[in-house]
Amino acid sequence: MTALDLLALPDVGEEFSFSDEHELTRASARRFLAERCPTSEVRRLMDDPVGHDASTWRSMAELGWLGTTVPQPLGGAALDPLHLALLFEEQGRALLPSPFLACQLALSALELAATPEQAARWIPPILSGEQIATLAFEEPSGASRGAADTRAVPARGGWVLVGVRPHVLGAASAGLVIVPATEPDGGVGLFAVELPHPCVLVEAERSVDTTRRAARLVLEGASVPAAARLERSSRAVVERVEARGRTLLAAEMAGGIAAVLERTRAYACEREQFGRPIGAFQAVKHPIVDTMVSAELARSLALGAAVAWSREPARHDTLSRMAKAYASDAFAVAVRRGVQLHGGYGFTWDCDIQLWFKRAVASRALLGDALHHRRWLAAALGGA
Amino acid sequence: MTALDLLALPDVGEEFSFSDEHELTRASARRFLAERCPTSEVRRLMDDPVGHDASTWRSMAELGWLGTTVPQPLGGAALDPLHLALLFEEQGRALLPSPFLACQLALSALELAATPEQAARWIPPILSGEQIATLAFEEPSGASRGAADTRAVPARGGWVLVGVRPHVLGAASAGLVIVPATEPDGGVGLFAVELPHPCVLVEAERSVDTTRRAARLVLEGASVPAAARLERSSRAVVERVEARGRTLLAAEMAGGIAAVLERTRAYACEREQFGRPIGAFQAVKHPIVDTMVSAELARSLALGAAVAWSREPARHDTLSRMAKAYASDAFAVAVRRGVQLHGGYGFTWDCDIQLWFKRAVASRALLGDALHHRRWLAAALGGA
Amino acid sequence: MSQPDELEAFRARAREWLLANVPARPSFKLPQTFLEVEAREQLEWLRDWQRRLYDAGYLGFDVPEEYGGRGVDRERRRVVTEELVRARAPFLVNFIGLEWAGPTILTFGTEAQKRRMLPPLLRGDELWCQGFSEPAAGSDLASLQTRAVRQADGTYRVTGHKVWTTVAHFASWMILLARTDPAANKYAGISYFLFPMDATGVTVEPLLKMTGEGGFNQVLFDDAPSPADSLLGEEGQGWTIAMTTLTFERGAAETHARERAAALLAQLGRVVELAREREREGAPALADPVLADRIAQLWIECAAIGLSMARTRAPALNAERPFALPLMNKLVSSEWNQRLAELATELLGADAALWLDDPRAPHGGDWTRGYMNSFGMTIGGGTSEILRNVIGERVLGLPKGK
Amino acid sequence: MSQPDELEAFRARAREWLLANVPARPSFKLPQTFLEVEAREQLEWLRDWQRRLYDAGYLGFDVPEEYGGRGVDRERRRVVTEELVRARAPFLVNFIGLEWAGPTILTFGTEAQKRRMLPPLLRGDELWCQGFSEPAAGSDLASLQTRAVRQADGTYRVTGHKVWTTVAHFASWMILLARTDPAANKYAGISYFLFPMDATGVTVEPLLKMTGEGGFNQVLFDDAPSPADSLLGEEGQGWTIAMTTLTFERGAAETHARERAAALLAQLGRVVELAREREREGAPALADPVLADRIAQLWIECAAIGLSMARTRAPALNAERPFALPLMNKLVSSEWNQRLAELATELLGADAALWLDDPRAPHGGDWTRGYMNSFGMTIGGGTSEILRNVIGERVLGLPKGK
């Protein structure tokens, strides 16, 4: 393959595959979140023991958000992934505390790896909002991504799972966690573990970002029945689930950058020093422009990855890595500038910028940081 | 060694080891160069077939510049290397076209590796300005630094040299070139090759930076007598010569950054747009401040390396790499900003910024670029 | 608009034609872009290429047929551009005419102006240059001082001094901004002319670039006559029209977005090839993790720019800040291009110093030349600093500085 | 000044004393710097440390003995600082007193003020805070609105509102800027007070930082009385004195240069250790060439900053721009520190999210906390943006913006 073919952009279709229905999704999500999740609500939930609002969660389920891309036979709306990415973008902008990302990761795993019977058992309660589900995608600190450090051993007609998985989103509220584990033959199985489970410790983590809860899962020889293994599990499925997760997280982070931009812009128009709004000074104006540029580029990558997910699957993995890599660094830079340009106020608890700052810190390495994905991309080009 | 000990700064002495004599050196060099080498003279020499002015060169020899650090028995002034670094800084500021760096590299090699007899033969004509000498320190494109790709084979009571050395500074004017070459036992010998030589092709290179001439040396089985091998040659000597070269080149480049700063500053005070000097705009002012910061940091590293050269030899290698690495990137950034802030004029042949721009491009990788030296430093910390 | 199958047939024909017709490189050095056309032989070679492309029916897909175009067909234009990039065809020498002057004349010209100017512009028979900047009016364009004085017969007399005028030495026409009403405010006093370069009183003096190449000039006007029908739009409307030209110049026109993306990808592809080919410490530069990381970052940004250009075709996706993407396009791609070009010189190591006339210069010295020429894009057509002001104020509504 | 051998003996004694006396970490969480002292138990523990260091004779080497100091001896001060860094001793809680207020009082105070204020300041018996910033006067400090009205008896009455006031909740004294002449121009109307925090009419309200830590406050003055001898310098001289304080605050005082360099190196050393200890993709993070490259760059810059600080001791080397190094010091080190702190969080990967109260947080969450706290240094004491203005105008002579 020549370098040029490899580098070619995905075909995102006429008008970026964006239709009136997409606009409807975006606009109604924006309205819903403006009503249900102003910053005061975000701050309230930071101190909430559960970490999300049950009635908002029910409403999201009723609006059909959870099943956006789930096939209709499984109770979903079977919309294209661009709809889902737009929902994530809006949630990232509003900083909605919820286990939505956790559930989407679990749903992806179930959709791709479950038999129809397994899917029929586990998917409907997730879509209805009754059951929170999640995926234990992070390896223990320091391990290689995808090493599937957790092990599954066949025993007594089922399996026994042993291992530790940190940073499992929403795990403390979840009734179901999908755990990737290495099997004796070296393959990777995805195991649906119902919680609580006597041999699964769920230790709530204290995150710098209390708007998104996570826990550490310790699987101390947890027995699960044979039917807990998602039958169509494979390494390739795990990779597809991760690609989807990266796409959605990148969209959420792009929304976060946009929120930081908007708040910094507004402050620069309002705060006066030396007799004029600080936004009149190029030392403030130009960095805000740079944040705008990064917000737009992050959005293009994330939405482009969402379009490729269904329209150009062969390029989805690559684009999802680009989107996550770019968003990780751009969000980090945007919040750094955001705090700095708010001056002394930006450094306080009262200033809302801190909320996105912490989300940026906590999301930066989830599902792989920029360096990790750039290394993969470089290898694809034939590099190191 | 704990990280802290390894990282410790060199002791540069009271007042940075800077005395009234040093100030005298600096000030007289500045005066000499202002008189002999205004930019008009630089431009004249760019088109000159030889590339430097013979009478200026003679004056430099008469002022004793060439022998600044050379021991007195060999005819030098035996001053400490900070004097020499200051001379380089001023030459980099004035962009003096001359084979001074070439000669200093050759003198270093002779001082460290020659026997008294060898030194007595080759050093005096260099100090007097009669003989231009140089060192062939660059490997052919793509080879590892220090691989000494050129080979020396014993033959007929002497040696035969085979190999190619590009970017040999001042070679077209030189009567003597010191060539590092790998010997049959794997060691490195330094060979003093007198030019012209029937089996040494000197192909003048056309450099983007015509203020410093270089040539490609092709050694086509060049026979040299046994006495041409500098007797105290070793890999360690080559490394010390390179460390000195890096120090001096870094000082020259720091001077270059200072010159770019001064010109950009002056233009920003003079050029008016929107009814005021452009230096009043933060988009111009702040990048100029960043150039000033990098000029000062580059200067501290280069002069610090020069002090360490004699005062803390164990730290000289490390510091010389830091100085060259920092200067390489900082000079590149300074000229980039310099052209940009001069606007349309900056892009023209008439604007002097282009002269330093090209020097920065041509010096960036000489004696190793920033990436090369940072890798060495990282390895010293125990990294990759 | 073409139907999909028609379009694919068209693509096949274009590809075949290009395969047969893209000329071999000449014996003399070609300029890298339209900004550096210096010698008559370069001009004629490049003009010949534009003519053949036009005569074969592959140029003019944004101009109606009555003005010499091929009828407005964005899809065919896109296909041609993609195939030109793939075939590594030479650039089009009348770039200023095709991209800046042409669209402006199409928007603001009289019927007679469109019929007169556009056909030879498309074919390259008449080249265009742009007379906007002046020695004291660069970033602050509206402070321009060139005067055009209306005569009793409706013609004008022009006196003044323009600089950085690309291809003025070969151009038949100039899009010229001049002050017609010195008493009016600085914007309202400006008019826009289609000025004949063969008028008396016009002197073109070449300026050398930092690369030593020519291609741009200063143009002196000493009471030079401009015909009555040379005014574009109304007297005093010049500033508004100029802003439209600058929008075209900054690549705002969404029709061009996809082809620009293809061009950026092609540049990146060449640097990736370079990194595979060049060695560093005995291994390909691309195997160096730090360099590979930087290339990967540029790849990501290139994809982001390309996808953003594609997003300009979905107005609903950009409703909140409709001008954000068009206005940031030139800023982002010119800075990206400069970083890419600088990286290429770093891949060369010490060989980056080898210049155009050195037989061992990697790729004839074009990488180092390209890095220097990249400043033409970050300075010309509004410096990056000015563009950040424009975006901050016009897109984000930040207060104006004073 | 000490002789070299005396100095080495002094160093040996200091090292031995520190070995025996540096306290073990307490059971409660310690703040990272003087900016985050929140709880009484933190204060008392830290104050106890300052007292013991003072009583043992290792504090006060820039204050004459008659004011409670140990006599001015730069070399001993440097030795102590180096040994404090080596021993990883706690920081000194009365930092504002020791570094900003103390030197200012020593420069501008009356004999009585020096005798009254300095001894308890050095021992930490009386803490100091700084009342410069106000809600509407941050970067634009001179626009401050707090009023001090002179009474018939020579005392003053203060009314106003100060913000970002570090350790105000524990301080005995404040260095306070207030407007004494509203009719004068904005600089000339300001005076400088040594204000007693126990005065009536003073309310201290804690502000929370983004980390959730306290340590700074807003202070409200409602007709609060300030004694007659609380004025530092002359009425109306406040702006000049404040600029001196800011110079101390920004680390301009060359006496401190070397110890600052030691502190930066210590920070870098901790990050290098972290990079050796943390794994990434199954190998130490330091083995990752891209991360190692960034660490090497920070090392180079750290050495450059340290050597620049050493250069401030050679006035002849800085004759051309004598204020360049002192003024750039705070800008460069605070931004360097922020980049280092951010890199540390990147080394942690997803564990960077684990916060102070998580038992598995690497090093108790201090890296992420340190990154957030790094903004205190790039914002406080003049934002980086303001410092670039100051350097551009005062050092480089660039024209003032308007």
# chains A, B, ... in the order shown; residues from 1 in each chain; ligands from 1
call {"tool": "residues_around", "arguments": {"residues": "Glu296 (chain B)", "least_positions_apart": "2", "cutoff": "9 Å", "atoms": "only C-alpha atoms", "output": "MDAnalysis selection string"}}
result
(chainID B and resid 254 258 291:294 298:301) or (chainID D and resid 304 308 324:325)
call {"tool": "write_last_selection", "arguments": {"atoms": "N, CA, C and O atoms", "output": "tab-separated table (two decimals), in the first residue's frame"}}
result
chain	number	residue	atom	x	y	z
B	254	ALA	N	23.94	30.52	20.45
B	254	ALA	CA	23.32	31.42	21.43
B	254	ALA	C	23.50	32.87	20.97
B	254	ALA	O	22.58	33.69	21.09
B	258	ALA	N	20.56	35.69	20.03
B	258	ALA	CA	20.58	37.07	20.53
B	258	ALA	C	20.48	38.06	19.37
B	258	ALA	O	19.81	39.09	19.48
B	291	THR	N	11.48	34.61	22.82
B	291	THR	CA	12.80	34.52	22.19
B	291	THR	C	13.88	35.02	23.15
B	291	THR	O	14.96	34.42	23.25
B	292	MET	N	13.57	36.09	23.87
B	292	MET	CA	14.56	36.58	24.84
B	292	MET	C	14.85	35.51	25.89
B	292	MET	O	16.01	35.25	26.24
B	293	VAL	N	13.80	34.90	26.39
B	293	VAL	CA	13.99	33.86	27.40
B	293	VAL	C	14.88	32.75	26.85
B	293	VAL	O	15.82	32.30	27.51
B	294	SER	N	14.62	32.34	25.63
B	294	SER	CA	15.42	31.23	25.08
B	294	SER	C	16.84	31.70	24.81
B	294	SER	O	17.79	30.91	24.95
B	298	ALA	N	19.85	29.70	26.50
B	298	ALA	CA	20.87	29.13	25.64
B	298	ALA	C	22.25	29.64	26.03
B	298	ALA	O	23.24	28.89	26.06
B	299	ARG	N	22.30	30.92	26.36
B	299	ARG	CA	23.57	31.51	26.75
B	299	ARG	C	24.07	30.90	28.06
B	299	ARG	O	25.27	30.57	28.20
B	300	SER	N	23.18	30.74	29.03
B	300	SER	CA	23.58	30.16	30.32
B	300	SER	C	24.14	28.75	30.12
B	300	SER	O	25.13	28.37	30.74
B	301	LEU	N	23.47	27.97	29.29
B	301	LEU	CA	23.94	26.60	29.07
B	301	LEU	C	25.29	26.58	28.36
B	301	LEU	O	26.20	25.83	28.75
D	304	ALA	N	19.33	24.82	32.52
D	304	ALA	CA	19.42	26.17	31.96
D	304	ALA	C	18.92	27.21	32.95
D	304	ALA	O	19.51	28.28	33.10
D	308	SER	N	21.17	29.94	34.80
D	308	SER	CA	20.79	31.35	34.66
D	308	SER	C	20.72	32.01	36.03
D	308	SER	O	21.08	33.18	36.19
D	324	ALA	N	16.90	41.27	32.85
D	324	ALA	CA	16.33	40.16	32.08
D	324	ALA	C	16.20	38.90	32.95
D	324	ALA	O	15.11	38.34	33.09
D	325	LEU	N	17.29	38.48	33.57
D	325	LEU	CA	17.25	37.23	34.32
D	325	LEU	C	16.35	37.33	35.55
D	325	LEU	O	15.51	36.46	35.76
call {"tool": "residues_around", "arguments": {"residues": "region 184-188 of chain D", "least_positions_apart": "4", "cutoff": "7 Å", "atoms": "only C-alpha atoms", "output": "PDB file with C-alpha atoms, in the first residue's frame"}}
result
ATOM      1  CA  ALA D 142      -2.984  49.493  40.504  1.00  0.00           C
ATOM      2  CA  SER D 143      -6.736  49.761  40.100  1.00  0.00           C
ATOM      3  CA  GLY D 236       1.695  57.563  48.548  1.00  0.00           C
ATOM      4  CA  GLN D 237       4.877  55.531  48.246  1.00  0.00           C
ATOM      5  CA  TRP D 239       3.214  51.427  44.607  1.00  0.00           C
TER       6      TRP D 239
END
call {"tool": "select_by_dssp", "arguments": {"residues": "region 44-222 of chain D", "states": "alpha helix (DSSP H)", "output": "ChimeraX atom specification"}}
result
/D:44-55,74-86,95,102-108,111-123
call {"tool": "residues_around", "arguments": {"residues": "Pro140 (chain A)", "least_positions_apart": "2", "cutoff": "6 Å", "atoms": "only C-alpha atoms", "output": "ChimeraX atom specification"}}
result
/A:143,165-166
call {"tool": "write_last_selection", "arguments": {"atoms": "N, CA and C atoms", "output": "CSV table (one decimal), in the first residue's frame"}}
result
chain,number,residue,atom,x,y,z
A,143,ALA,N,0.4,-2.5,33.2
A,143,ALA,CA,0.3,-3.7,32.3
A,143,ALA,C,0.1,-3.1,30.9
A,165,ARG,N,-9.2,-5.6,38.2
A,165,ARG,CA,-9.4,-4.6,37.1
A,165,ARG,C,-9.8,-3.3,37.7
A,166,PRO,N,-8.9,-2.3,37.5
A,166,PRO,CA,-9.2,-1.0,38.1
A,166,PRO,C,-10.0,-0.1,37.2
call {"tool": "residues_around", "arguments": {"residues": "Ala379 (chain B)", "least_positions_apart": "2", "cutoff": "10 Å", "atoms": "only C-alpha atoms", "output": "list in words"}}
result
His373, Arg374, Arg375, Trp376, Leu377, Leu381, Gly382, Gly383 and Ala384 of chain B; Leu286, Ala287, Pro289, Ala292, Asp293 and Ala296 of chain D
call {"tool": "residues_around", "arguments": {"residues": "Asn329 (chain D)", "least_positions_apart": "4", "cutoff": "12 Å", "atoms": "only C-alpha atoms", "output": "VMD selection string"}}
result
(chain B and resid 293 296 to 297) or (chain D and resid 247 to 254 256 to 258 260 to 261 264 302 304 to 312 323 to 325 333 to 337 377 to 378 384 387 to 388 391)
call {"tool": "closest_residue", "arguments": {"among": "D:Gly376, D:Gly401, D:Gly60, D:Gly238", "to": "Asp181 (chain D)", "atoms": "only C-alpha atoms"}}
result
D:Gly238
call {"tool": "select_by_dssp", "arguments": {"residues": "region 150-311 of chain D", "states": "strand (DSSP E or B)", "output": "ChimeraX atom specification"}}
result
/D:150,156-162,173-179,190-196,202-207,209,216-226,231-232,279-280,283-284
call {"tool": "write_last_selection", "arguments": {"atoms": "N, CA and C atoms", "output": "CSV table (one decimal), in the first residue's frame"}}
result
chain,number,residue,atom,x,y,z
D,150,ARG,N,-7.0,58.5,56.7
D,150,ARG,CA,-6.2,59.0,57.8
D,150,ARG,C,-7.1,59.7,58.8
D,156,TYR,N,-5.2,55.1,60.8
D,156,TYR,CA,-6.0,55.0,59.5
D,156,TYR,C,-7.2,54.1,59.8
D,157,ARG,N,-8.2,54.3,58.9
D,157,ARG,CA,-9.4,53.4,58.9
D,157,ARG,C,-9.5,52.7,57.6
D,158,VAL,N,-9.5,51.4,57.5
D,158,VAL,CA,-9.5,50.7,56.3
D,158,VAL,C,-10.8,50.1,55.9
D,159,THR,N,-11.2,50.3,54.7
D,159,THR,CA,-12.5,49.6,54.2
D,159,THR,C,-12.2,49.1,52.8
D,160,GLY,N,-12.6,47.8,52.6
D,160,GLY,CA,-12.3,47.2,51.3
D,160,GLY,C,-12.4,45.7,51.3
D,161,HIS,N,-11.9,45.1,50.3
D,161,HIS,CA,-12.1,43.7,50.0
D,161,HIS,C,-10.9,43.1,49.3
D,162,LYS,N,-10.2,42.2,49.9
D,162,LYS,CA,-9.0,41.6,49.3
D,162,LYS,C,-9.3,40.1,49.1
D,173,TRP,N,-0.2,39.4,60.8
D,173,TRP,CA,0.0,40.7,60.1
D,173,TRP,C,-0.3,40.5,58.6
D,174,MET,N,-0.6,41.6,58.0
D,174,MET,CA,-0.8,41.6,56.6
D,174,MET,C,0.0,42.8,56.0
D,175,ILE,N,0.7,42.5,54.8
D,175,ILE,CA,1.3,43.6,54.1
D,175,ILE,C,0.1,44.1,53.2
D,176,LEU,N,-0.3,45.3,53.4
D,176,LEU,CA,-1.6,45.7,52.8
D,176,LEU,C,-1.4,46.9,51.9
D,177,LEU,N,-2.0,46.9,50.7
D,177,LEU,CA,-2.0,48.1,49.9
D,177,LEU,C,-3.4,48.7,49.9
D,178,ALA,N,-3.4,50.0,50.2
D,178,ALA,CA,-4.7,50.7,50.2
D,178,ALA,C,-4.6,52.1,49.6
D,179,ARG,N,-5.7,52.6,49.1
D,179,ARG,CA,-5.7,53.9,48.5
D,179,ARG,C,-5.8,54.9,49.6
D,190,ILE,N,-1.6,55.3,46.3
D,190,ILE,CA,-1.5,54.0,47.1
D,190,ILE,C,-0.5,54.1,48.2
D,191,SER,N,-0.9,53.5,49.4
D,191,SER,CA,0.1,53.4,50.5
D,191,SER,C,0.2,52.0,50.9
D,192,TYR,N,1.3,51.7,51.7
D,192,TYR,CA,1.6,50.3,52.0
D,192,TYR,C,1.6,50.3,53.6
D,193,PHE,N,0.8,49.3,54.1
D,193,PHE,CA,0.6,49.2,55.5
D,193,PHE,C,1.1,47.8,56.0
D,194,LEU,N,1.6,47.9,57.3
D,194,LEU,CA,1.8,46.6,58.0
D,194,LEU,C,0.6,46.5,59.0
D,195,PHE,N,-0.3,45.8,58.5
D,195,PHE,CA,-1.7,45.8,59.2
D,195,PHE,C,-1.9,44.7,60.1
D,196,PRO,N,-2.4,45.0,61.4
D,196,PRO,CA,-2.6,43.9,62.4
D,196,PRO,C,-3.9,43.2,62.1
D,202,VAL,N,-12.3,43.3,60.8
D,202,VAL,CA,-11.7,42.5,59.8
D,202,VAL,C,-12.4,41.1,59.8
D,203,THR,N,-12.8,40.7,58.6
D,203,THR,CA,-13.4,39.4,58.5
D,203,THR,C,-12.6,38.5,57.5
D,204,VAL,N,-12.2,37.4,57.9
D,204,VAL,CA,-11.5,36.5,57.0
D,204,VAL,C,-12.4,35.3,56.6
D,205,GLU,N,-12.7,35.2,55.4
D,205,GLU,CA,-13.5,34.1,54.9
D,205,GLU,C,-12.7,33.2,54.0
D,206,PRO,N,-12.7,31.9,54.3
D,206,PRO,CA,-11.9,31.0,53.5
D,206,PRO,C,-12.5,30.8,52.1
D,207,LEU,N,-11.5,30.7,51.1
D,207,LEU,CA,-11.9,30.4,49.8
D,207,LEU,C,-11.4,28.9,49.5
D,209,LYS,N,-9.8,26.1,47.1
D,209,LYS,CA,-9.1,25.9,45.8
D,209,LYS,C,-9.8,24.9,45.0
D,216,PHE,N,-6.4,29.7,51.2
D,216,PHE,CA,-6.5,31.1,50.9
D,216,PHE,C,-7.9,31.6,51.1
D,217,ASN,N,-8.0,32.9,51.1
D,217,ASN,CA,-9.2,33.5,51.7
D,217,ASN,C,-9.6,34.8,51.0
D,218,GLN,N,-10.8,35.3,51.4
D,218,GLN,CA,-11.0,36.7,51.1
D,218,GLN,C,-11.0,37.4,52.5
D,219,VAL,N,-10.6,38.7,52.5
D,219,VAL,CA,-10.5,39.4,53.7
D,219,VAL,C,-11.3,40.7,53.5
D,220,LEU,N,-12.3,40.9,54.4
D,220,LEU,CA,-13.2,42.1,54.3
D,220,LEU,C,-12.8,43.1,55.4
D,221,PHE,N,-12.7,44.3,55.0
D,221,PHE,CA,-12.3,45.4,56.0
D,221,PHE,C,-13.5,46.3,56.1
D,222,ASP,N,-14.0,46.5,57.3
D,222,ASP,CA,-15.1,47.4,57.5
D,222,ASP,C,-14.7,48.4,58.5
D,223,ASP,N,-14.1,49.5,58.0
D,223,ASP,CA,-13.7,50.6,58.9
D,223,ASP,C,-12.7,50.1,59.9
D,224,ALA,N,-11.8,49.3,59.5
D,224,ALA,CA,-10.9,48.6,60.5
D,224,ALA,C,-9.7,49.6,60.8
D,225,PRO,N,-9.4,49.7,62.1
D,225,PRO,CA,-8.4,50.7,62.4
D,225,PRO,C,-7.0,50.1,62.3
D,226,SER,N,-6.1,51.0,61.8
D,226,SER,CA,-4.7,50.6,61.6
D,226,SER,C,-3.9,51.6,62.4
D,231,LEU,N,2.1,52.4,58.8
D,231,LEU,CA,2.5,52.8,57.5
D,231,LEU,C,3.9,52.5,57.2
D,232,LEU,N,4.1,51.8,56.1
D,232,LEU,CA,5.5,51.5,55.7
D,232,LEU,C,5.9,52.5,54.6
D,279,GLU,N,5.3,1.7,35.8
D,279,GLU,CA,5.4,0.9,34.6
D,279,GLU,C,4.4,1.4,33.5
D,280,ARG,N,4.7,1.2,32.3
D,280,ARG,CA,3.9,1.5,31.2
D,280,ARG,C,4.0,0.5,30.1
D,283,ALA,N,6.8,-2.0,31.0
D,283,ALA,CA,8.2,-1.6,31.2
D,283,ALA,C,8.2,-0.2,32.0
D,284,PRO,N,9.3,0.1,32.6
D,284,PRO,CA,9.4,1.4,33.3
D,284,PRO,C,9.1,2.5,32.3
